[in-house]
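Quick look at protein_2.cif (mmCIF, C-alpha atoms and all ligand atoms; chains and numbers go by the auth columns):
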data_start
#
loop_
_atom_site.group_PDB
_atom_site.id
_atom_site.type_symbol
_atom_site.label_atom_id
_atom_site.label_comp_id
_atom_site.label_asym_id
_atom_site.label_seq_id
_atom_site.Cartn_x
_atom_site.Cartn_y
_atom_site.Cartn_z
_atom_site.B_iso_or_equiv
_atom_site.auth_seq_id
_atom_site.auth_asym_id
ATOM 1 C CA MET A 1 -10.544 -4.485 -5.106 0.00 1 A
ATOM 2 C CA SER A 2 -9.695 -3.624 -1.548 0.00 2 A
ATOM 3 C CA GLN A 3 -9.486 0.012 -0.652 0.00 3 A
ATOM 4 C CA PRO A 4 -5.832 0.977 -1.236 0.00 4 A
ATOM 5 C CA LEU A 5 -3.951 1.961 1.887 0.00 5 A
ATOM 6 C CA THR A 6 -2.235 4.971 0.405 0.00 6 A
ATOM 7 C CA LYS A 7 -3.836 7.564 -1.830 0.00 7 A
ATOM 8 C CA LYS A 8 -1.571 6.688 -4.712 0.00 8 A
ATOM 9 C CA THR A 9 -0.775 3.165 -5.867 0.00 9 A
ATOM 10 C CA THR A 10 0.610 1.685 -9.057 0.00 10 A
ATOM 11 C CA ASP A 11 -0.147 -1.734 -10.440 0.00 11 A
ATOM 12 C CA HIS A 12 2.902 -3.460 -11.975 0.00 12 A
ATOM 13 C CA SER A 13 1.140 -6.759 -12.562 0.00 13 A
ATOM 14 C CA ASP A 14 1.478 -8.545 -15.866 0.00 14 A
ATOM 15 C CA GLU A 15 0.333 -11.917 -17.137 0.00 15 A
ATOM 16 C CA ASN A 16 2.980 -13.771 -15.111 0.00 16 A
ATOM 17 C CA SER A 17 3.183 -11.970 -11.807 0.00 17 A
ATOM 18 C CA PHE A 18 1.627 -9.419 -9.508 0.00 18 A
ATOM 19 C CA ALA A 19 3.315 -6.476 -7.839 0.00 19 A
ATOM 20 C CA PHE A 20 2.106 -3.136 -6.578 0.00 20 A
ATOM 21 C CA SER A 21 3.634 0.152 -5.527 0.00 21 A
ATOM 22 C CA PHE A 22 2.371 2.245 -2.681 0.00 22 A
ATOM 23 C CA PHE A 23 3.399 5.862 -2.208 0.00 23 A
ATOM 24 C CA CYS A 24 3.774 7.866 0.976 0.00 24 A
ATOM 25 C CA ASP A 25 0.850 10.276 1.243 0.00 25 A
ATOM 26 C CA ARG A 26 3.200 13.062 2.317 0.00 26 A
ATOM 27 C CA CYS A 27 6.421 12.807 0.260 0.00 27 A
ATOM 28 C CA GLY A 28 5.521 10.220 -2.355 0.00 28 A
ATOM 29 C CA LYS A 29 8.259 7.743 -1.357 0.00 29 A
ATOM 30 C CA GLU A 30 7.621 4.435 -3.052 0.00 30 A
ATOM 31 C CA TRP A 31 7.369 0.966 -1.549 0.00 31 A
ATOM 32 C CA ILE A 32 6.998 -1.957 -3.966 0.00 32 A
ATOM 33 C CA SER A 33 5.479 -5.213 -2.825 0.00 33 A
ATOM 34 C CA GLN A 34 7.343 -8.478 -3.337 0.00 34 A
ATOM 35 C CA PRO A 35 6.278 -9.836 -6.749 0.00 35 A
ATOM 36 C CA VAL A 36 3.977 -12.852 -6.586 0.00 36 A
ATOM 37 C CA SER A 37 3.793 -15.335 -9.471 0.00 37 A
ATOM 38 C CA PHE A 38 0.570 -16.164 -11.188 0.00 38 A
ATOM 39 C CA GLN A 39 0.091 -19.693 -9.806 0.00 39 A
ATOM 40 C CA ALA A 40 -2.654 -21.062 -11.996 0.00 40 A
ATOM 41 C CA GLU A 41 -0.501 -20.523 -15.036 0.00 41 A
ATOM 42 C CA LYS A 42 2.097 -23.004 -13.786 0.00 42 A
ATOM 43 C CA GLN A 43 -0.275 -25.652 -12.522 0.00 43 A
ATOM 44 C CA THR A 44 -2.120 -26.495 -15.688 0.00 44 A
ATOM 45 C CA ILE A 45 -2.217 -25.650 -19.295 0.00 45 A
ATOM 46 C CA ILE A 46 -5.190 -23.436 -19.469 0.00 46 A
ATOM 47 C CA GLU A 47 -6.459 -23.367 -22.982 0.00 47 A
ATOM 48 C CA HIS A 48 -9.564 -21.412 -22.411 0.00 48 A
ATOM 49 C CA THR A 49 -8.615 -17.762 -22.331 0.00 49 A
ATOM 50 C CA GLY A 50 -11.745 -16.773 -20.473 0.00 50 A
ATOM 51 C CA ILE A 51 -10.940 -19.117 -17.575 0.00 51 A
ATOM 52 C CA LYS A 52 -7.363 -17.966 -17.478 0.00 52 A
ATOM 53 C CA GLU A 53 -8.441 -14.369 -17.328 0.00 53 A
ATOM 54 C CA ARG A 54 -10.807 -15.108 -14.501 0.00 54 A
ATOM 55 C CA LEU A 55 -8.126 -16.986 -12.548 0.00 55 A
ATOM 56 C CA TRP A 56 -5.741 -14.143 -13.162 0.00 56 A
ATOM 57 C CA ALA A 57 -8.295 -11.646 -11.922 0.00 57 A
ATOM 58 C CA ASP A 58 -8.870 -13.723 -8.773 0.00 58 A
ATOM 59 C CA GLU A 59 -5.178 -13.998 -8.006 0.00 59 A
ATOM 60 C CA HIS A 60 -4.661 -10.367 -8.869 0.00 60 A
ATOM 61 C CA ARG A 61 -7.316 -9.345 -6.372 0.00 61 A
ATOM 62 C CA THR A 62 -5.813 -11.579 -3.678 0.00 62 A
ATOM 63 C CA ALA A 63 -2.283 -10.362 -4.397 0.00 63 A
ATOM 64 C CA PHE A 64 -3.411 -6.780 -4.108 0.00 64 A
ATOM 65 C CA ALA A 65 -5.190 -7.439 -0.815 0.00 65 A
ATOM 66 C CA GLU A 66 -2.033 -9.053 0.586 0.00 66 A
ATOM 67 C CA ALA A 67 0.247 -6.270 -0.647 0.00 67 A
ATOM 68 C CA ASN A 68 -2.183 -3.761 0.803 0.00 68 A
ATOM 69 C CA LEU A 69 -2.036 -5.532 4.170 0.00 69 A
ATOM 70 C CA GLU A 70 1.736 -5.666 4.100 0.00 70 A
ATOM 71 C CA ALA A 71 1.867 -1.971 3.286 0.00 71 A
ATOM 72 C CA HIS A 72 0.566 -1.360 6.823 0.00 72 A
ATOM 73 C CA PHE A 73 4.016 -2.425 8.057 0.00 73 A
ATOM 74 C CA HIS A 74 5.837 -0.037 5.732 0.00 74 A
ATOM 75 C CA PHE A 75 3.748 3.047 6.328 0.00 75 A
ATOM 76 C CA ASN A 76 2.530 4.809 9.450 0.00 76 A
ATOM 77 C CA ASN A 77 -0.911 6.198 9.970 0.00 77 A
ATOM 78 C CA CYS A 78 -1.233 9.906 10.570 0.00 78 A
ATOM 79 C CA PRO A 79 -4.814 10.306 11.779 0.00 79 A
ATOM 80 C CA GLN A 80 -5.107 13.597 9.939 0.00 80 A
ATOM 81 C CA CYS A 81 -3.325 12.937 6.647 0.00 81 A
ATOM 82 C CA GLY A 82 -3.306 9.248 5.873 0.00 82 A
ATOM 83 C CA TRP A 83 -0.399 6.848 5.519 0.00 83 A
ATOM 84 C CA VAL A 84 3.176 8.144 5.491 0.00 84 A
ATOM 85 C CA CYS A 85 6.655 6.593 5.328 0.00 85 A
ATOM 86 C CA ASP A 86 9.037 6.381 8.290 0.00 86 A
ATOM 87 C CA ASP A 87 10.861 9.524 7.134 0.00 87 A
ATOM 88 C CA CYS A 88 7.658 11.518 7.351 0.00 88 A
ATOM 89 C CA PHE A 89 6.524 10.133 10.677 0.00 89 A
ATOM 90 C CA THR A 90 7.289 11.010 14.241 0.00 90 A
ATOM 91 C CA GLU A 91 6.258 9.044 17.280 0.00 91 A
ATOM 92 C CA ASP A 92 7.316 11.523 19.912 0.00 92 A
ATOM 93 C CA ASN A 93 3.738 11.903 21.020 0.00 93 A
ATOM 94 C CA GLY A 94 3.059 8.475 22.518 0.00 94 A
ATOM 95 C CA LYS A 95 -0.585 9.033 23.333 0.00 95 A
ATOM 96 C CA GLN A 96 -1.922 9.056 19.819 0.00 96 A
ATOM 97 C CA GLY A 97 0.664 6.686 18.412 0.00 97 A
ATOM 98 C CA GLY A 98 2.354 9.409 16.395 0.00 98 A
ATOM 99 C CA LEU A 99 1.682 11.898 13.653 0.00 99 A
ATOM 100 C CA CYS A 100 3.305 12.907 10.399 0.00 100 A
ATOM 101 C CA LYS A 101 5.916 15.625 10.649 0.00 101 A
ATOM 102 C CA ASP A 102 3.591 18.267 9.233 0.00 102 A
ATOM 103 C CA CYS A 103 0.945 17.603 11.843 0.00 103 A
ATOM 104 C CA SER A 104 3.367 17.260 14.753 0.00 104 A
ATOM 105 C CA THR A 105 4.983 20.588 13.809 0.00 105 A
ATOM 106 C CA GLY A 106 1.556 22.164 13.717 0.00 106 A
ATOM 107 C CA ARG A 107 0.817 20.889 17.171 0.00 107 A
ATOM 108 C CA ASP A 108 4.156 21.986 18.607 0.00 108 A
ATOM 109 C CA HIS A 109 3.382 25.555 17.609 0.00 109 A
ATOM 110 C CA PRO A 110 -0.352 25.919 18.100 0.00 110 A
ATOM 111 C CA HIS A 111 -2.129 29.145 17.393 0.00 111 A
ATOM 112 C CA LYS A 112 -2.831 30.920 20.644 0.00 112 A
ATOM 113 C CA GLU A 113 -6.494 30.843 21.513 0.00 113 A
HETATM 114 ZN ZN ZN B . 7.162 10.151 3.222 0.00 201 A
HETATM 115 ZN ZN ZN B . -0.365 14.492 9.176 0.00 202 A
#
Go ahead and render the structure in this file as structure tokens.
Amino acid sequence: MSQPLTKKTTDHSDENSFAFSFFCDRCGKEWISQPVSFQAEKQTIIEHTGIKERLWADEHRTAFAEANLEAHFHFNNCPQCGWVCDDCFTEDNGKQGGLCKDCSTGRDHPHKE
């Protein structure tokens, strides 16, 4: 399994298709990947359960990797917290490519040294 992008993910996959949820690290907002069908099931009649399970596991792993990649487009990286949704992200600091709203608020009001 690839390392999940967000801290929390849910696997909705069943024997026919693969889909995964990713949750904003800050507010928990959910993004669900587009379901992908289990291809090997359609192509041939697989009588051997062991083979079918292995094919499923292969496709499941690939589907997760692709959903995980796509999640990069739905979440924004806060260097300090992780991956957050658009609602939780602010790009007003161009230099670092943005921060989550918690971190940007913290920086706007720094403790006096
Ligand atoms: Zn969020
Ligand atoms: Zn942050």
Next item on the list: Identify which of the residues A:Thr90, A:Thr62, A:Gln39, A:Gln80 lies closest to ligand ZN 202 (chain A), counting all atoms listed in the file when measuring atom-to-atom distances.
Entry: A:Gln80
Would you mind listing, for every residue of chain A within 8 Å of ligand ZN 201 (chain A), the two atoms forming the shortest contact and the distance between them in Å to one decimal, using all atoms listed in the file, sorted by chain and ascending residue number, as JSON lines?
{"residue": "A:Phe23", "atom": "CA", "partner": "A:ZN201", "partner_atom": "ZN", "distance": 7.9}
{"residue": "A:Cys24", "atom": "CA", "partner": "A:ZN201", "partner_atom": "ZN", "distance": 4.7}
{"residue": "A:Asp25", "atom": "CA", "partner": "A:ZN201", "partner_atom": "ZN", "distance": 6.6}
{"residue": "A:Arg26", "atom": "CA", "partner": "A:ZN201", "partner_atom": "ZN", "distance": 5.0}
{"residue": "A:Cys27", "atom": "CA", "partner": "A:ZN201", "partner_atom": "ZN", "distance": 4.0}
{"residue": "A:Gly28", "atom": "CA", "partner": "A:ZN201", "partner_atom": "ZN", "distance": 5.8}
{"residue": "A:Lys29", "atom": "CA", "partner": "A:ZN201", "partner_atom": "ZN", "distance": 5.3}
{"residue": "A:Val84", "atom": "CA", "partner": "A:ZN201", "partner_atom": "ZN", "distance": 5.0}
{"residue": "A:Cys85", "atom": "CA", "partner": "A:ZN201", "partner_atom": "ZN", "distance": 4.2}
{"residue": "A:Asp86", "atom": "CA", "partner": "A:ZN201", "partner_atom": "ZN", "distance": 6.6}
{"residue": "A:Asp87", "atom": "CA", "partner": "A:ZN201", "partner_atom": "ZN", "distance": 5.4}
{"residue": "A:Cys88", "atom": "CA", "partner": "A:ZN201", "partner_atom": "ZN", "distance": 4.4}
{"residue": "A:Phe89", "atom": "CA", "partner": "A:ZN201", "partner_atom": "ZN", "distance": 7.5}
Residue IDs satisfying the PyMOL selection byres (((not hetatm)) within 8 of (chain A and resi 202)), as a CSV table (one decimal) with C-alpha atoms, keeping the file's coordinate frame:
chain,number,residue,atom,x,y,z
A,26,ARG,CA,3.2,13.1,2.3
A,78,CYS,CA,-1.2,9.9,10.6
A,79,PRO,CA,-4.8,10.3,11.8
A,80,GLN,CA,-5.1,13.6,9.9
A,81,CYS,CA,-3.3,12.9,6.6
A,82,GLY,CA,-3.3,9.2,5.9
A,99,LEU,CA,1.7,11.9,13.7
A,100,CYS,CA,3.3,12.9,10.4
A,101,LYS,CA,5.9,15.6,10.6
A,102,ASP,CA,3.6,18.3,9.2
A,103,CYS,CA,0.9,17.6,11.8
A,104,SER,CA,3.4,17.3,14.8
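Of the residues under consideration (A:Phe22, A:Trp83, A:Phe38, A:Phe73), A:Phe38 shows the shortest atom-to-atom contact distance to Ala57 of chain A when counting all atoms listed in the file.
The spacing separating atom CA of Ser17 of chain A from atom CA of Asp58 of chain A amounts to 12.6 Å.
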Notebook entry, point to check: Suppose you want the space between atom CA of Asn16 of chain A and atom CA of Ser37 of chain A; what is it in Å?
Noted result: 5.9 Å
Note to self: I need the residue nearest Ile32 of chain A from this list: A:Ala65, A:Ala71, A:Leu5, A:Leu55. Use all atoms listed in the file for the distance.
What the structure shows: A:Ala71
Item checked: Residues selected by the PyMOL selection byres (((chain A and resi 3) around 12) and not hetatm), written as JSON, numbers by chain -> {"A": [1, 2, 4, 5, 6, 7, 8, 9, 61, 64, 65, 66, 67, 68, 69]}
Check: Which distance in Å separates atom CA of Gln34 of chain A and atom CA of Ile51 of chain A, to one decimal?
Finding: 25.5 Å
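The closest residue to Asn77 of chain A, picked from A:Asp92, A:Ala63, A:Asp14, A:Gly97 and counting all atoms listed in the file, is A:Gly97.
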Do you know which residues are at most 7 Å from Asp11 of chain A counting all atoms listed in the file, after dropping those on the same chain fewer than 3 positions away, and could you put them as a PDB file with C-alpha atoms, in the coordinates of the input?
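Resulting contents of around-v8.pdb:
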ATOM      1  CA  ALA A  19       3.315  -6.476  -7.839  1.00  0.00           C
ATOM      2  CA  PHE A  20       2.106  -3.136  -6.578  1.00  0.00           C
ATOM      3  CA  SER A  21       3.634   0.152  -5.527  1.00  0.00           C
TER       4      SER A  21
END
